[in-house]
>>> print(open('input.tsv').read())   # TSV, C-alpha atoms
chain	number	residue	atom	x	y	z
A	1	MET	CA	-7.51	12.30	-20.57
A	2	THR	CA	-6.18	15.82	-20.20
A	3	GLU	CA	-4.07	16.90	-17.31
A	4	THR	CA	-6.10	17.11	-14.16
A	5	HIS	CA	-5.06	17.72	-10.64
A	6	LEU	CA	-6.77	15.79	-7.93
A	7	PRO	CA	-7.32	17.83	-4.80
A	8	LYS	CA	-4.97	17.18	-1.91
A	9	ALA	CA	-7.99	15.80	-0.04
A	10	TYR	CA	-8.05	12.86	-2.44
A	11	TYR	CA	-4.56	11.75	-1.45
A	12	ASP	CA	-5.14	12.47	2.23
A	13	MET	CA	-8.41	10.55	2.45
A	14	LEU	CA	-7.01	7.72	0.36
A	15	GLU	CA	-4.04	7.37	2.69
A	16	GLU	CA	-6.32	7.45	5.71
A	17	LEU	CA	-8.27	4.55	4.23
A	18	GLN	CA	-5.08	2.71	3.25
A	19	THR	CA	-3.90	3.11	6.85
A	20	VAL	CA	-7.03	1.62	8.40
A	21	ASP	CA	-7.28	-1.12	5.76
A	22	PHE	CA	-3.65	-2.03	6.35
A	23	VAL	CA	-4.32	-2.67	10.03
A	24	LEU	CA	-7.18	-4.91	8.88
A	25	VAL	CA	-4.91	-6.91	6.55
A	26	GLU	CA	-2.39	-7.39	9.37
A	27	LEU	CA	-5.04	-8.44	11.90
A	28	ASN	CA	-6.74	-10.69	9.34
A	29	LEU	CA	-3.55	-12.68	8.67
A	30	TYR	CA	-2.77	-12.76	12.40
A	31	LEU	CA	-6.26	-14.05	13.23
A	32	ASP	CA	-5.88	-16.74	10.56
A	33	THR	CA	-3.24	-18.33	12.81
A	34	HIS	CA	-4.60	-16.99	16.15
A	35	PRO	CA	-8.37	-17.55	15.86
A	36	ASP	CA	-8.93	-17.45	19.64
A	37	ASP	CA	-7.30	-14.08	20.35
A	38	LEU	CA	-10.34	-12.13	21.53
A	39	GLU	CA	-8.55	-8.77	21.91
A	40	ALA	CA	-7.28	-8.91	18.31
A	41	LEU	CA	-10.75	-9.89	17.15
A	42	LYS	CA	-12.33	-6.90	18.90
A	43	GLN	CA	-9.72	-4.61	17.37
A	44	PHE	CA	-10.47	-6.14	13.97
A	45	ASN	CA	-14.18	-5.37	14.29
A	46	THR	CA	-13.52	-1.82	15.47
A	47	PHE	CA	-11.27	-1.16	12.48
A	48	SER	CA	-13.74	-2.80	10.14
A	49	LYS	CA	-16.34	-0.25	11.22
A	50	LYS	CA	-13.83	2.61	10.84
A	51	SER	CA	-12.98	1.42	7.33
A	52	ARG	CA	-16.63	1.40	6.34
A	53	GLU	CA	-17.10	4.98	7.55
A	54	LEU	CA	-13.99	6.25	5.75
A	55	ARG	CA	-14.98	4.40	2.59
A	56	ASP	CA	-18.43	6.04	2.57
A	57	ARG	CA	-16.92	9.50	3.00
A	58	PHE	CA	-14.34	8.90	0.27
A	59	GLU	CA	-16.92	7.56	-2.17
A	60	GLU	CA	-19.21	10.55	-1.63
A	61	GLN	CA	-16.48	12.82	-2.94
A	62	PHE	CA	-14.49	10.70	-5.37
A	63	GLY	CA	-16.75	7.95	-6.66
A	64	PRO	CA	-17.09	4.22	-6.10
A	65	LEU	CA	-14.22	2.14	-4.71
A	66	ASP	CA	-15.76	-1.29	-5.14
A	67	GLN	CA	-17.20	-3.07	-8.16
A	68	PHE	CA	-20.14	-5.43	-8.68
A	69	GLY	CA	-22.59	-3.58	-6.49
A	70	HIS	CA	-20.52	-3.16	-3.35
A	71	SER	CA	-20.49	0.60	-3.90
A	72	TYR	CA	-23.40	2.81	-4.97
A	73	SER	CA	-23.05	4.90	-8.12
A	74	SER	CA	-24.51	8.31	-8.84
A	75	TYR	CA	-25.64	9.17	-12.38
A	76	PRO	CA	-24.07	8.77	-14.88
A	77	TRP	CA	-22.19	5.52	-14.15
A	78	LYS	CA	-19.10	6.54	-12.19
A	79	TRP	CA	-17.09	3.32	-12.00
A	80	ASN	CA	-15.39	3.85	-15.39
A	81	ASP	CA	-14.09	7.26	-14.44
A	82	THR	CA	-10.39	7.95	-14.21
A	83	PRO	CA	-8.18	7.98	-12.35
A	84	TRP	CA	-7.39	4.31	-11.83
A	85	PRO	CA	-5.08	3.50	-8.93
A	86	TRP	CA	-1.94	3.20	-11.05
A	87	GLN	CA	-2.59	6.59	-12.70
A	88	VAL	CA	-2.73	8.84	-9.64
B	1	MET	CA	16.01	-7.96	20.06
B	2	PRO	CA	18.22	-10.00	17.73
B	3	THR	CA	20.30	-8.16	15.13
B	4	HIS	CA	18.89	-8.09	11.59
B	5	ARG	CA	22.24	-8.24	9.82
B	6	LYS	CA	25.19	-10.57	10.28
B	7	SER	CA	28.64	-10.33	8.75
B	8	TYR	CA	31.59	-12.51	7.90
B	9	HIS	CA	35.04	-12.13	6.39
B	10	PRO	CA	35.46	-14.20	3.26
B	11	TYR	CA	38.79	-15.68	2.22
B	12	ILE	CA	40.78	-13.22	0.09
B	13	SER	CA	43.30	-14.43	-2.48
B	14	PRO	CA	46.11	-12.19	-3.75
B	15	PHE	CA	44.95	-13.28	-7.21
B	16	ASP	CA	41.35	-11.98	-6.83
B	17	PRO	CA	40.85	-9.56	-9.74
B	18	CYS	CA	38.46	-7.05	-8.10
B	19	PRO	CA	39.37	-5.00	-5.02
B	20	PRO	CA	38.22	-7.25	-2.16
B	21	ILE	CA	35.09	-6.63	-0.14
B	22	LYS	CA	36.56	-7.54	3.23
B	23	THR	CA	33.29	-7.81	5.12
B	24	LYS	CA	30.22	-9.45	3.62
B	25	THR	CA	26.79	-9.22	5.18
B	26	TYR	CA	23.51	-11.08	5.04
B	27	GLU	CA	20.10	-10.43	6.53
B	28	THR	CA	18.54	-12.29	9.46
B	29	PRO	CA	15.11	-10.68	9.88
B	30	ALA	CA	12.71	-10.96	12.80
B	31	GLN	CA	10.63	-13.94	11.61
B	32	LEU	CA	13.67	-16.18	12.12
B	33	TYR	CA	13.53	-15.55	15.88
B	34	LEU	CA	9.97	-14.81	16.97
B	35	GLY	CA	8.48	-18.31	16.93
B	36	PHE	CA	4.69	-18.55	17.16
B	37	GLN	CA	3.67	-14.92	17.70
B	38	PRO	CA	2.57	-14.39	21.32
B	39	LYS	CA	-0.72	-12.65	22.01
B	40	GLY	CA	-0.83	-9.00	23.00
B	41	LEU	CA	2.45	-7.79	21.49
B	42	ASP	CA	3.00	-4.02	21.36
B	43	GLN	CA	1.62	-2.36	18.25
B	44	TYR	CA	2.53	0.66	16.16
B	45	GLN	CA	0.00	3.43	15.71
B	46	PRO	CA	-1.91	2.74	12.45
B	47	SER	CA	-0.13	5.39	10.35
B	48	GLU	CA	3.25	4.19	11.61
B	49	ALA	CA	2.23	0.58	10.87
B	50	LEU	CA	1.49	1.44	7.23
B	51	LYS	CA	4.86	3.16	6.86
B	52	LYS	CA	6.68	0.23	8.46
B	53	GLY	CA	4.74	-2.50	6.62
B	54	THR	CA	3.74	-4.25	9.83
B	55	LEU	CA	1.57	-3.64	12.88
B	56	TRP	CA	4.10	-5.12	15.30
B	57	PRO	CA	7.54	-3.68	16.20
B	58	ALA	CA	8.64	-7.24	17.05
B	59	LEU	CA	8.28	-8.16	13.37
B	60	TYR	CA	9.83	-5.04	11.89
B	61	SER	CA	13.19	-5.60	10.22
B	62	PRO	CA	14.51	-2.46	8.52
B	63	TYR	CA	16.65	-2.70	5.41
B	64	THR	CA	19.02	-0.31	3.69
B	65	SER	CA	21.66	-1.16	1.12
B	66	PRO	CA	24.83	-2.44	2.83
B	67	TYR	CA	26.83	-0.96	-0.08
B	68	GLU	CA	25.62	2.56	0.78
B	69	LYS	CA	27.21	2.16	4.19
B	70	ASN	CA	30.46	0.91	2.66
B	71	LYS	CA	30.56	3.94	0.37
B	72	ARG	CA	30.37	6.29	3.35
B	73	GLU	CA	33.08	4.49	5.32
C	1	MET	CA	-15.36	-14.75	-6.06
C	2	TRP	CA	-13.10	-11.71	-5.98
C	3	TYR	CA	-13.87	-7.98	-5.93
C	4	TYR	CA	-11.56	-5.34	-7.27
C	5	GLU	CA	-11.01	-2.32	-5.10
C	6	LYS	CA	-10.09	0.91	-6.84
C	7	LYS	CA	-7.11	1.74	-4.64
C	8	LEU	CA	-3.56	0.55	-4.06
C	9	GLN	CA	-2.65	-1.18	-0.80
C	10	TYR	CA	0.15	1.35	-0.24
C	11	PRO	CA	0.86	4.67	-2.00
C	12	VAL	CA	3.28	4.35	-4.92
C	13	LYS	CA	5.28	7.41	-5.92
C	14	VAL	CA	8.10	7.69	-8.43
C	15	SER	CA	10.65	10.52	-8.52
C	16	THR	CA	12.08	10.30	-12.06
C	17	CYS	CA	11.35	8.70	-15.41
C	18	ASN	CA	13.73	5.74	-15.08
C	19	PRO	CA	13.10	2.80	-17.43
C	20	LYS	CA	16.30	1.06	-16.26
C	21	LEU	CA	14.78	0.60	-12.83
C	22	ALA	CA	11.56	-0.65	-14.45
C	23	LYS	CA	13.55	-3.38	-16.15
C	24	PHE	CA	14.79	-4.64	-12.78
C	25	LEU	CA	11.36	-4.37	-11.16
C	26	ILE	CA	9.86	-6.69	-13.79
C	27	GLU	CA	11.59	-9.48	-11.86
C	28	GLN	CA	8.94	-9.06	-9.15
C	29	TYR	CA	6.17	-8.92	-11.77
C	30	GLY	CA	6.79	-12.03	-13.85
C	31	GLY	CA	9.85	-13.62	-12.26
C	32	ALA	CA	10.17	-16.97	-10.44
C	33	ASP	CA	9.82	-15.39	-6.99
C	34	GLY	CA	7.65	-12.49	-8.09
C	35	GLU	CA	4.21	-11.45	-6.96
C	36	LEU	CA	2.31	-13.24	-9.76
C	37	ALA	CA	4.02	-16.52	-8.94
C	38	ALA	CA	3.29	-15.98	-5.25
C	39	ALA	CA	-0.42	-15.27	-5.74
C	40	LEU	CA	-0.92	-18.23	-8.06
C	41	ARG	CA	1.14	-20.57	-5.86
C	42	TYR	CA	-0.85	-19.98	-2.67
C	43	LEU	CA	-4.28	-19.76	-4.25
C	44	ASN	CA	-3.66	-23.03	-6.08
C	45	GLN	CA	-2.29	-24.86	-3.04
C	46	ARG	CA	-5.25	-23.92	-0.86
C	47	TYR	CA	-7.50	-26.61	-2.41
C	48	THR	CA	-5.41	-29.43	-0.98
C	49	ILE	CA	-4.04	-28.01	2.27
C	50	PRO	CA	-5.60	-28.98	5.65
C	51	ASP	CA	-8.68	-26.91	6.51
C	52	LYS	CA	-6.97	-25.12	9.42
C	53	VAL	CA	-4.62	-23.21	7.12
C	54	ILE	CA	-6.77	-22.72	3.99
C	55	GLY	CA	-7.78	-19.25	5.18
C	56	LEU	CA	-4.17	-18.15	5.51
C	57	LEU	CA	-3.23	-19.30	1.99
C	58	ASN	CA	-6.36	-17.69	0.63
C	59	ASP	CA	-5.66	-14.35	2.30
C	60	ILE	CA	-1.92	-14.13	1.61
C	61	GLY	CA	-2.63	-15.17	-2.01
C	62	THR	CA	-5.12	-12.33	-2.27
C	63	GLU	CA	-2.71	-9.79	-0.76
C	64	GLU	CA	-0.11	-10.83	-3.36
C	65	PHE	CA	-2.37	-9.52	-6.11
C	66	ALA	CA	-2.37	-6.13	-4.39
C	67	HIS	CA	1.44	-6.28	-4.43
C	68	LEU	CA	1.42	-7.25	-8.11
C	69	GLU	CA	-0.61	-4.12	-8.79
C	70	MET	CA	1.91	-1.99	-6.87
C	71	ILE	CA	4.79	-3.38	-8.95
C	72	ALA	CA	2.80	-2.80	-12.14
C	73	THR	CA	2.16	0.78	-11.02
C	74	MET	CA	5.89	1.37	-10.51
C	75	VAL	CA	6.76	-0.08	-13.93
C	76	TYR	CA	3.97	1.88	-15.58
C	77	LYS	CA	5.04	5.17	-14.00
C	78	LEU	CA	8.76	4.63	-14.61
C	79	THR	CA	8.24	4.00	-18.34
C	80	LYS	CA	5.08	5.99	-19.12
C	81	ASP	CA	6.66	8.91	-20.96
C	82	ALA	CA	10.00	7.37	-21.88
C	83	THR	CA	11.03	7.61	-25.54
C	84	PRO	CA	11.96	4.50	-27.54
C	85	GLU	CA	15.54	5.82	-27.39
C	86	GLN	CA	15.45	5.92	-23.58
C	87	LEU	CA	13.98	2.41	-23.47
C	88	LYS	CA	16.76	1.18	-25.74
C	89	GLU	CA	19.40	2.73	-23.49
C	90	ALA	CA	17.77	1.08	-20.47
C	91	GLY	CA	18.14	-2.33	-22.06
C	92	LEU	CA	14.44	-2.50	-22.93
C	93	GLY	CA	14.90	-2.32	-26.72
C	94	ALA	CA	14.00	-5.98	-27.17
C	95	HIS	CA	10.97	-5.51	-24.94
C	96	TYR	CA	9.91	-2.45	-26.93
C	97	ALA	CA	10.23	-4.28	-30.25
C	98	ASN	CA	7.80	-6.93	-29.05
C	99	HIS	CA	5.48	-5.08	-26.65
C	100	ASP	CA	5.87	-1.32	-27.04
C	101	LYS	CA	5.26	-0.16	-23.44
C	102	ALA	CA	2.85	-2.92	-22.57
C	103	LEU	CA	3.66	-4.78	-19.39
C	104	TYR	CA	4.47	-8.43	-19.87
C	105	TYR	CA	4.78	-11.30	-17.39
C	106	GLU	CA	8.50	-11.86	-17.77
C	107	ASN	CA	11.55	-11.67	-15.52
C	108	ALA	CA	14.24	-8.99	-15.60
C	109	ALA	CA	16.11	-10.94	-18.30
C	110	GLY	CA	12.98	-11.18	-20.49
C	111	ALA	CA	12.12	-14.86	-19.90
C	112	PRO	CA	8.33	-15.27	-19.91
C	113	TRP	CA	6.56	-16.39	-16.73
C	114	THR	CA	6.04	-20.12	-16.50
C	115	ALA	CA	4.04	-22.41	-14.20
C	116	THR	CA	7.25	-24.39	-13.63
C	117	TYR	CA	8.21	-21.58	-11.20
C	118	ILE	CA	5.62	-22.81	-8.72
C	119	GLN	CA	4.99	-26.14	-7.13
C	120	ALA	CA	1.95	-27.82	-5.61
C	121	LYS	CA	3.14	-31.06	-4.09
C	122	GLY	CA	0.00	-31.94	-2.17
C	123	ASP	CA	2.10	-32.63	0.92
C	124	PRO	CA	1.20	-29.83	3.35
C	125	ILE	CA	4.64	-29.53	4.92
C	126	ALA	CA	6.40	-29.59	1.55
C	127	ASP	CA	4.03	-26.94	0.23
C	128	LEU	CA	4.36	-24.66	3.26
C	129	TYR	CA	8.16	-24.98	3.25
C	130	GLU	CA	8.07	-23.99	-0.43
C	131	ASP	CA	5.94	-20.99	0.54
C	132	ILE	CA	8.36	-19.94	3.30
C	133	ALA	CA	11.27	-20.27	0.85
C	134	ALA	CA	9.33	-18.25	-1.76
C	135	GLU	CA	8.82	-15.43	0.74
C	136	GLU	CA	12.51	-15.38	1.68
C	137	LYS	CA	13.51	-15.36	-2.00
C	138	ALA	CA	11.11	-12.52	-2.76
C	139	ARG	CA	12.52	-10.63	0.26
C	140	ALA	CA	16.04	-11.14	-1.12
C	141	THR	CA	14.98	-9.91	-4.57
C	142	TYR	CA	13.60	-6.73	-3.01
C	143	GLN	CA	16.94	-6.23	-1.23
C	144	TRP	CA	18.93	-6.56	-4.45
C	145	ILE	CA	16.65	-4.12	-6.27
C	146	ILE	CA	16.84	-1.63	-3.38
C	147	ASN	CA	20.66	-1.93	-3.58
C	148	MET	CA	20.53	-0.82	-7.23
C	149	SER	CA	17.84	1.85	-6.94
C	150	ASP	CA	18.50	5.48	-6.10
C	151	ASP	CA	14.83	6.52	-6.27
C	152	PRO	CA	13.82	7.26	-2.66
C	153	PHE	CA	10.08	7.00	-3.43
C	154	ILE	CA	10.43	3.63	-5.14
C	155	ASN	CA	12.62	2.44	-2.28
C	156	ASP	CA	9.93	3.46	0.18
C	157	SER	CA	7.38	1.22	-1.59
C	158	LEU	CA	9.92	-1.60	-2.02
C	159	THR	CA	10.76	-1.46	1.68
C	160	PHE	CA	7.06	-1.86	2.48
C	161	LEU	CA	6.80	-4.86	0.13
C	162	ARG	CA	9.94	-6.41	1.62
C	163	GLU	CA	8.48	-6.17	5.11
C	164	ARG	CA	5.29	-7.87	3.86
C	165	GLU	CA	7.42	-10.87	2.79
C	166	ILE	CA	8.68	-11.07	6.38
C	167	ILE	CA	5.12	-11.10	7.74
C	168	HIS	CA	4.00	-13.72	5.23
C	169	SER	CA	6.99	-15.89	6.09
C	170	GLN	CA	6.11	-15.52	9.80
C	171	ARG	CA	2.51	-16.63	9.18
C	172	PHE	CA	3.55	-19.61	7.02
C	173	ARG	CA	5.95	-20.66	9.79
C	174	GLU	CA	3.01	-20.48	12.22
C	175	ALA	CA	0.94	-22.57	9.80
C	176	VAL	CA	3.62	-25.28	9.97
C	177	GLU	CA	3.42	-25.15	13.78
C	178	ILE	CA	-0.36	-25.51	13.64
C	179	LEU	CA	-0.06	-28.61	11.42
C	180	LYS	CA	2.74	-30.08	13.56
C	181	GLU	CA	0.76	-29.79	16.76
C	182	GLU	CA	-0.05	-33.06	18.48
C	183	GLN	CA	-3.76	-33.56	18.17
C	184	GLY	CA	-5.74	-33.08	21.37
C	185	LYS	CA	-3.06	-30.86	22.92
C	186	LYS	CA	-3.46	-27.13	23.30
C	187	ARG	CA	-0.78	-24.73	22.12
C	188	ILE	CA	0.64	-22.49	24.81
C	189	PHE	CA	1.51	-18.93	23.82
>>> encode(input="input.tsv", output="structure tokens")
Amino acid sequence: MTETHLPKAYYDMLEELQTVDFVLVELNLYLDTHPDDLEALKQFNTFSKKSRELRDRFEEQFGPLDQFGHSYSSYPWKWNDTPWPWQV
Amino acid sequence: MPTHRKSYHPYISPFDPCPPIKTKTYETPAQLYLGFQPKGLDQYQPSEALKKGTLWPALYSPYTSPYEKNKRE
Amino acid sequence: MWYYEKKLQYPVKVSTCNPKLAKFLIEQYGGADGELAAALRYLNQRYTIPDKVIGLLNDIGTEEFAHLEMIATMVYKLTKDATPEQLKEAGLGAHYANHDKALYYENAAGAPWTATYIQAKGDPIADLYEDIAAEEKARATYQWIINMSDDPFINDSLTFLREREIIHSQRFREAVEILKEEQGKKRIF
């Protein structure tokens, strides 16, 4: 692969998604030991929706995030495309 | 909030070959004190939470090299 | 089943080509208290832990793979364009002779990863205490690497990973409390 520069929007949108998904990881582990905390559960569902919206917007511009059919692909097959997470 | 770092003064022998480190430290992070996490604890804003590595200030235990501090002293 | 997601859990940036630091970081890749050992330990223990805490082992085990990928990213970036001469100077000559720049599941001293690093005792308290100890040891390893690293970007990612060990330790401690609880009584927060 030759040198390419991803637009700043790639890093910004990625970090936005990482931010929302991080809250979800934290709440998920918390709920594993606090299954009856209704407020945390509501927050979890709100962030889950946010994550889905951000994911859709990111994928529209930069290709699929998830494998095995959890993301759509435009033509030609986009999943193989660089960059992979460790390359950016 | 409990302190995240404790210190002690180890025994120093006149025959110790290296210049003595008079104060040694060790870490005592938040999970040692919190117990079963209570409901409804204060949260960081999401972007702050990512930076800190946790959603809850009560579980945040910062770390920097204790040797850096010694260098500056 | 698992799904791969084409993103890191936390952004990883590196300031300079520094294979010496990569050599130290390998401890968290294939070392006794590293991220691979952590992931495999929890995911393996979950089959024989009481139902109430299976979810926690499952989810922390999964998060550990995301941390493994972050460590791999750091090692990859720190060594990517290093010359064999630079690798030799960094103490990675023996690694280079065997693996070129390929990553390998080994500790900082080059000992290959082994299943003897992890235990599954089948006793829930013994297993969870092992898990708590593993998190504290991984936290300590991050501290020692931070003490040796002068790369502010790497230290930012390592500080994040260290804090995650604290959270995991907290949750495992809560899992012990859940299993200790007298049956029929309700826990008061």
>>> atom_distance(input="input.tsv", atom1="atom CA of Phe24 of chain C", atom2="atom CA of Asn147 of chain C")
11.2 Å
>>> interface_residues(input="input.tsv", of="chain C", to="chain B", cutoff="7 Å", atoms="all atoms listed in the file", output="ChimeraX atom specification")
/C:146-147,160,163-164,166,169-170,174,189
>>> closest_residue(input="input.tsv", among="C:Leu57, C:Ala72, C:Ala38, C:Leu78", to="Cys17 of chain C", atoms="only C-alpha atoms")
C:Leu78
>>> closest_residue(input="input.tsv", among="A:Thr82, A:Thr4, A:Ser48, A:Gln61", to="chain C", atoms="all atoms listed in the file")
A:Thr82
>>> atom_distance(input="input.tsv", atom1="atom CA of Asp33 of chain C", atom2="atom CA of Trp113 of chain C")
10.3 Å
>>> closest_atom_pairs(input="input.tsv", of="chain C", to="chain A", cutoff="6 Å", atoms="all atoms listed in the file", output="JSON lines")
{"residue": "C:Glu5", "atom": "CA", "partner": "A:Asp66", "partner_atom": "CA", "distance": 4.9}
{"residue": "C:Lys6", "atom": "CA", "partner": "A:Leu65", "partner_atom": "CA", "distance": 4.8}
{"residue": "C:Lys7", "atom": "CA", "partner": "A:Pro85", "partner_atom": "CA", "distance": 5.1}
{"residue": "C:Leu8", "atom": "CA", "partner": "A:Pro85", "partner_atom": "CA", "distance": 5.9}
{"residue": "C:Leu56", "atom": "CA", "partner": "A:Asp32", "partner_atom": "CA", "distance": 5.5}
{"residue": "C:Thr73", "atom": "CA", "partner": "A:Trp86", "partner_atom": "CA", "distance": 4.8}
>>> build_atoms(input="input.tsv", residues="segment 27-56 of chain C", atoms="N, CA and C atoms", output="PDB file, in the frame of the given file")
ATOM      1  N   GLU C  27      11.286  -8.215 -12.536  1.00  0.00           N
ATOM      2  CA  GLU C  27      11.590  -9.480 -11.860  1.00  0.00           C
ATOM      3  C   GLU C  27      10.489  -9.828 -10.841  1.00  0.00           C
ATOM      4  N   GLN C  28       9.982  -8.803 -10.149  1.00  0.00           N
ATOM      5  CA  GLN C  28       8.940  -9.060  -9.150  1.00  0.00           C
ATOM      6  C   GLN C  28       7.541  -9.110  -9.777  1.00  0.00           C
ATOM      7  N   TYR C  29       7.453  -8.843 -11.061  1.00  0.00           N
ATOM      8  CA  TYR C  29       6.170  -8.920 -11.770  1.00  0.00           C
ATOM      9  C   TYR C  29       5.993 -10.324 -12.347  1.00  0.00           C
ATOM     10  N   GLY C  30       6.928 -10.723 -13.192  1.00  0.00           N
ATOM     11  CA  GLY C  30       6.790 -12.030 -13.850  1.00  0.00           C
ATOM     12  C   GLY C  30       7.963 -12.961 -13.632  1.00  0.00           C
ATOM     13  N   GLY C  31       8.713 -12.763 -12.553  1.00  0.00           N
ATOM     14  CA  GLY C  31       9.850 -13.620 -12.260  1.00  0.00           C
ATOM     15  C   GLY C  31       9.452 -14.813 -11.387  1.00  0.00           C
ATOM     16  N   ALA C  32      10.436 -15.719 -11.165  1.00  0.00           N
ATOM     17  CA  ALA C  32      10.170 -16.970 -10.440  1.00  0.00           C
ATOM     18  C   ALA C  32       9.679 -16.707  -9.014  1.00  0.00           C
ATOM     19  N   ASP C  33      10.203 -15.676  -8.368  1.00  0.00           N
ATOM     20  CA  ASP C  33       9.820 -15.390  -6.990  1.00  0.00           C
ATOM     21  C   ASP C  33       9.004 -14.106  -6.910  1.00  0.00           C
ATOM     22  N   GLY C  34       8.410 -13.729  -8.011  1.00  0.00           N
ATOM     23  CA  GLY C  34       7.650 -12.490  -8.090  1.00  0.00           C
ATOM     24  C   GLY C  34       6.250 -12.619  -7.508  1.00  0.00           C
ATOM     25  N   GLU C  35       5.525 -11.518  -7.592  1.00  0.00           N
ATOM     26  CA  GLU C  35       4.210 -11.450  -6.960  1.00  0.00           C
ATOM     27  C   GLU C  35       3.165 -12.296  -7.696  1.00  0.00           C
ATOM     28  N   LEU C  36       3.260 -12.391  -9.020  1.00  0.00           N
ATOM     29  CA  LEU C  36       2.310 -13.240  -9.760  1.00  0.00           C
ATOM     30  C   LEU C  36       2.487 -14.699  -9.342  1.00  0.00           C
ATOM     31  N   ALA C  37       3.732 -15.143  -9.330  1.00  0.00           N
ATOM     32  CA  ALA C  37       4.020 -16.520  -8.940  1.00  0.00           C
ATOM     33  C   ALA C  37       3.510 -16.788  -7.525  1.00  0.00           C
ATOM     34  N   ALA C  38       3.718 -15.814  -6.635  1.00  0.00           N
ATOM     35  CA  ALA C  38       3.290 -15.980  -5.250  1.00  0.00           C
ATOM     36  C   ALA C  38       1.775 -16.141  -5.164  1.00  0.00           C
ATOM     37  N   ALA C  39       1.051 -15.222  -5.798  1.00  0.00           N
ATOM     38  CA  ALA C  39      -0.420 -15.270  -5.740  1.00  0.00           C
ATOM     39  C   ALA C  39      -0.931 -16.607  -6.274  1.00  0.00           C
ATOM     40  N   LEU C  40      -0.417 -17.006  -7.424  1.00  0.00           N
ATOM     41  CA  LEU C  40      -0.920 -18.230  -8.060  1.00  0.00           C
ATOM     42  C   LEU C  40      -0.530 -19.466  -7.255  1.00  0.00           C
ATOM     43  N   ARG C  41       0.672 -19.439  -6.663  1.00  0.00           N
ATOM     44  CA  ARG C  41       1.140 -20.570  -5.860  1.00  0.00           C
ATOM     45  C   ARG C  41       0.206 -20.823  -4.684  1.00  0.00           C
ATOM     46  N   TYR C  42      -0.067 -19.782  -3.903  1.00  0.00           N
ATOM     47  CA  TYR C  42      -0.850 -19.980  -2.670  1.00  0.00           C
ATOM     48  C   TYR C  42      -2.317 -20.270  -2.992  1.00  0.00           C
ATOM     49  N   LEU C  43      -2.857 -19.569  -3.965  1.00  0.00           N
ATOM     50  CA  LEU C  43      -4.280 -19.760  -4.250  1.00  0.00           C
ATOM     51  C   LEU C  43      -4.528 -21.146  -4.841  1.00  0.00           C
ATOM     52  N   ASN C  44      -3.539 -21.685  -5.512  1.00  0.00           N
ATOM     53  CA  ASN C  44      -3.660 -23.030  -6.080  1.00  0.00           C
ATOM     54  C   ASN C  44      -3.466 -24.113  -5.019  1.00  0.00           C
ATOM     55  N   GLN C  45      -2.559 -23.863  -4.085  1.00  0.00           N
ATOM     56  CA  GLN C  45      -2.290 -24.860  -3.040  1.00  0.00           C
ATOM     57  C   GLN C  45      -3.444 -24.980  -2.044  1.00  0.00           C
ATOM     58  N   ARG C  46      -4.256 -23.937  -1.940  1.00  0.00           N
ATOM     59  CA  ARG C  46      -5.250 -23.920  -0.860  1.00  0.00           C
ATOM     60  C   ARG C  46      -6.293 -25.024  -1.010  1.00  0.00           C
ATOM     61  N   TYR C  47      -6.469 -25.570  -2.219  1.00  0.00           N
ATOM     62  CA  TYR C  47      -7.500 -26.610  -2.410  1.00  0.00           C
ATOM     63  C   TYR C  47      -7.134 -27.909  -1.715  1.00  0.00           C
ATOM     64  N   THR C  48      -5.830 -28.135  -1.512  1.00  0.00           N
ATOM     65  CA  THR C  48      -5.410 -29.430  -0.980  1.00  0.00           C
ATOM     66  C   THR C  48      -4.559 -29.296   0.277  1.00  0.00           C
ATOM     67  N   ILE C  49      -4.766 -28.208   1.016  1.00  0.00           N
ATOM     68  CA  ILE C  49      -4.040 -28.010   2.270  1.00  0.00           C
ATOM     69  C   ILE C  49      -5.046 -28.292   3.400  1.00  0.00           C
ATOM     70  N   PRO C  50      -4.623 -28.748   4.567  1.00  0.00           N
ATOM     71  CA  PRO C  50      -5.600 -28.980   5.650  1.00  0.00           C
ATOM     72  C   PRO C  50      -6.446 -27.744   5.960  1.00  0.00           C
ATOM     73  N   ASP C  51      -7.695 -27.983   6.319  1.00  0.00           N
ATOM     74  CA  ASP C  51      -8.680 -26.910   6.510  1.00  0.00           C
ATOM     75  C   ASP C  51      -8.192 -25.769   7.407  1.00  0.00           C
ATOM     76  N   LYS C  52      -7.427 -26.125   8.452  1.00  0.00           N
ATOM     77  CA  LYS C  52      -6.970 -25.120   9.420  1.00  0.00           C
ATOM     78  C   LYS C  52      -6.149 -24.004   8.794  1.00  0.00           C
ATOM     79  N   VAL C  53      -5.483 -24.253   7.683  1.00  0.00           N
ATOM     80  CA  VAL C  53      -4.620 -23.210   7.120  1.00  0.00           C
ATOM     81  C   VAL C  53      -5.063 -22.746   5.726  1.00  0.00           C
ATOM     82  N   ILE C  54      -6.244 -23.188   5.284  1.00  0.00           N
ATOM     83  CA  ILE C  54      -6.770 -22.720   3.990  1.00  0.00           C
ATOM     84  C   ILE C  54      -6.935 -21.202   4.006  1.00  0.00           C
ATOM     85  N   GLY C  55      -7.518 -20.692   5.088  1.00  0.00           N
ATOM     86  CA  GLY C  55      -7.780 -19.250   5.180  1.00  0.00           C
ATOM     87  C   GLY C  55      -6.516 -18.435   4.986  1.00  0.00           C
ATOM     88  N   LEU C  56      -5.435 -18.889   5.603  1.00  0.00           N
ATOM     89  CA  LEU C  56      -4.170 -18.150   5.510  1.00  0.00           C
ATOM     90  C   LEU C  56      -3.661 -18.119   4.065  1.00  0.00           C
TER      91      LEU C  56
END
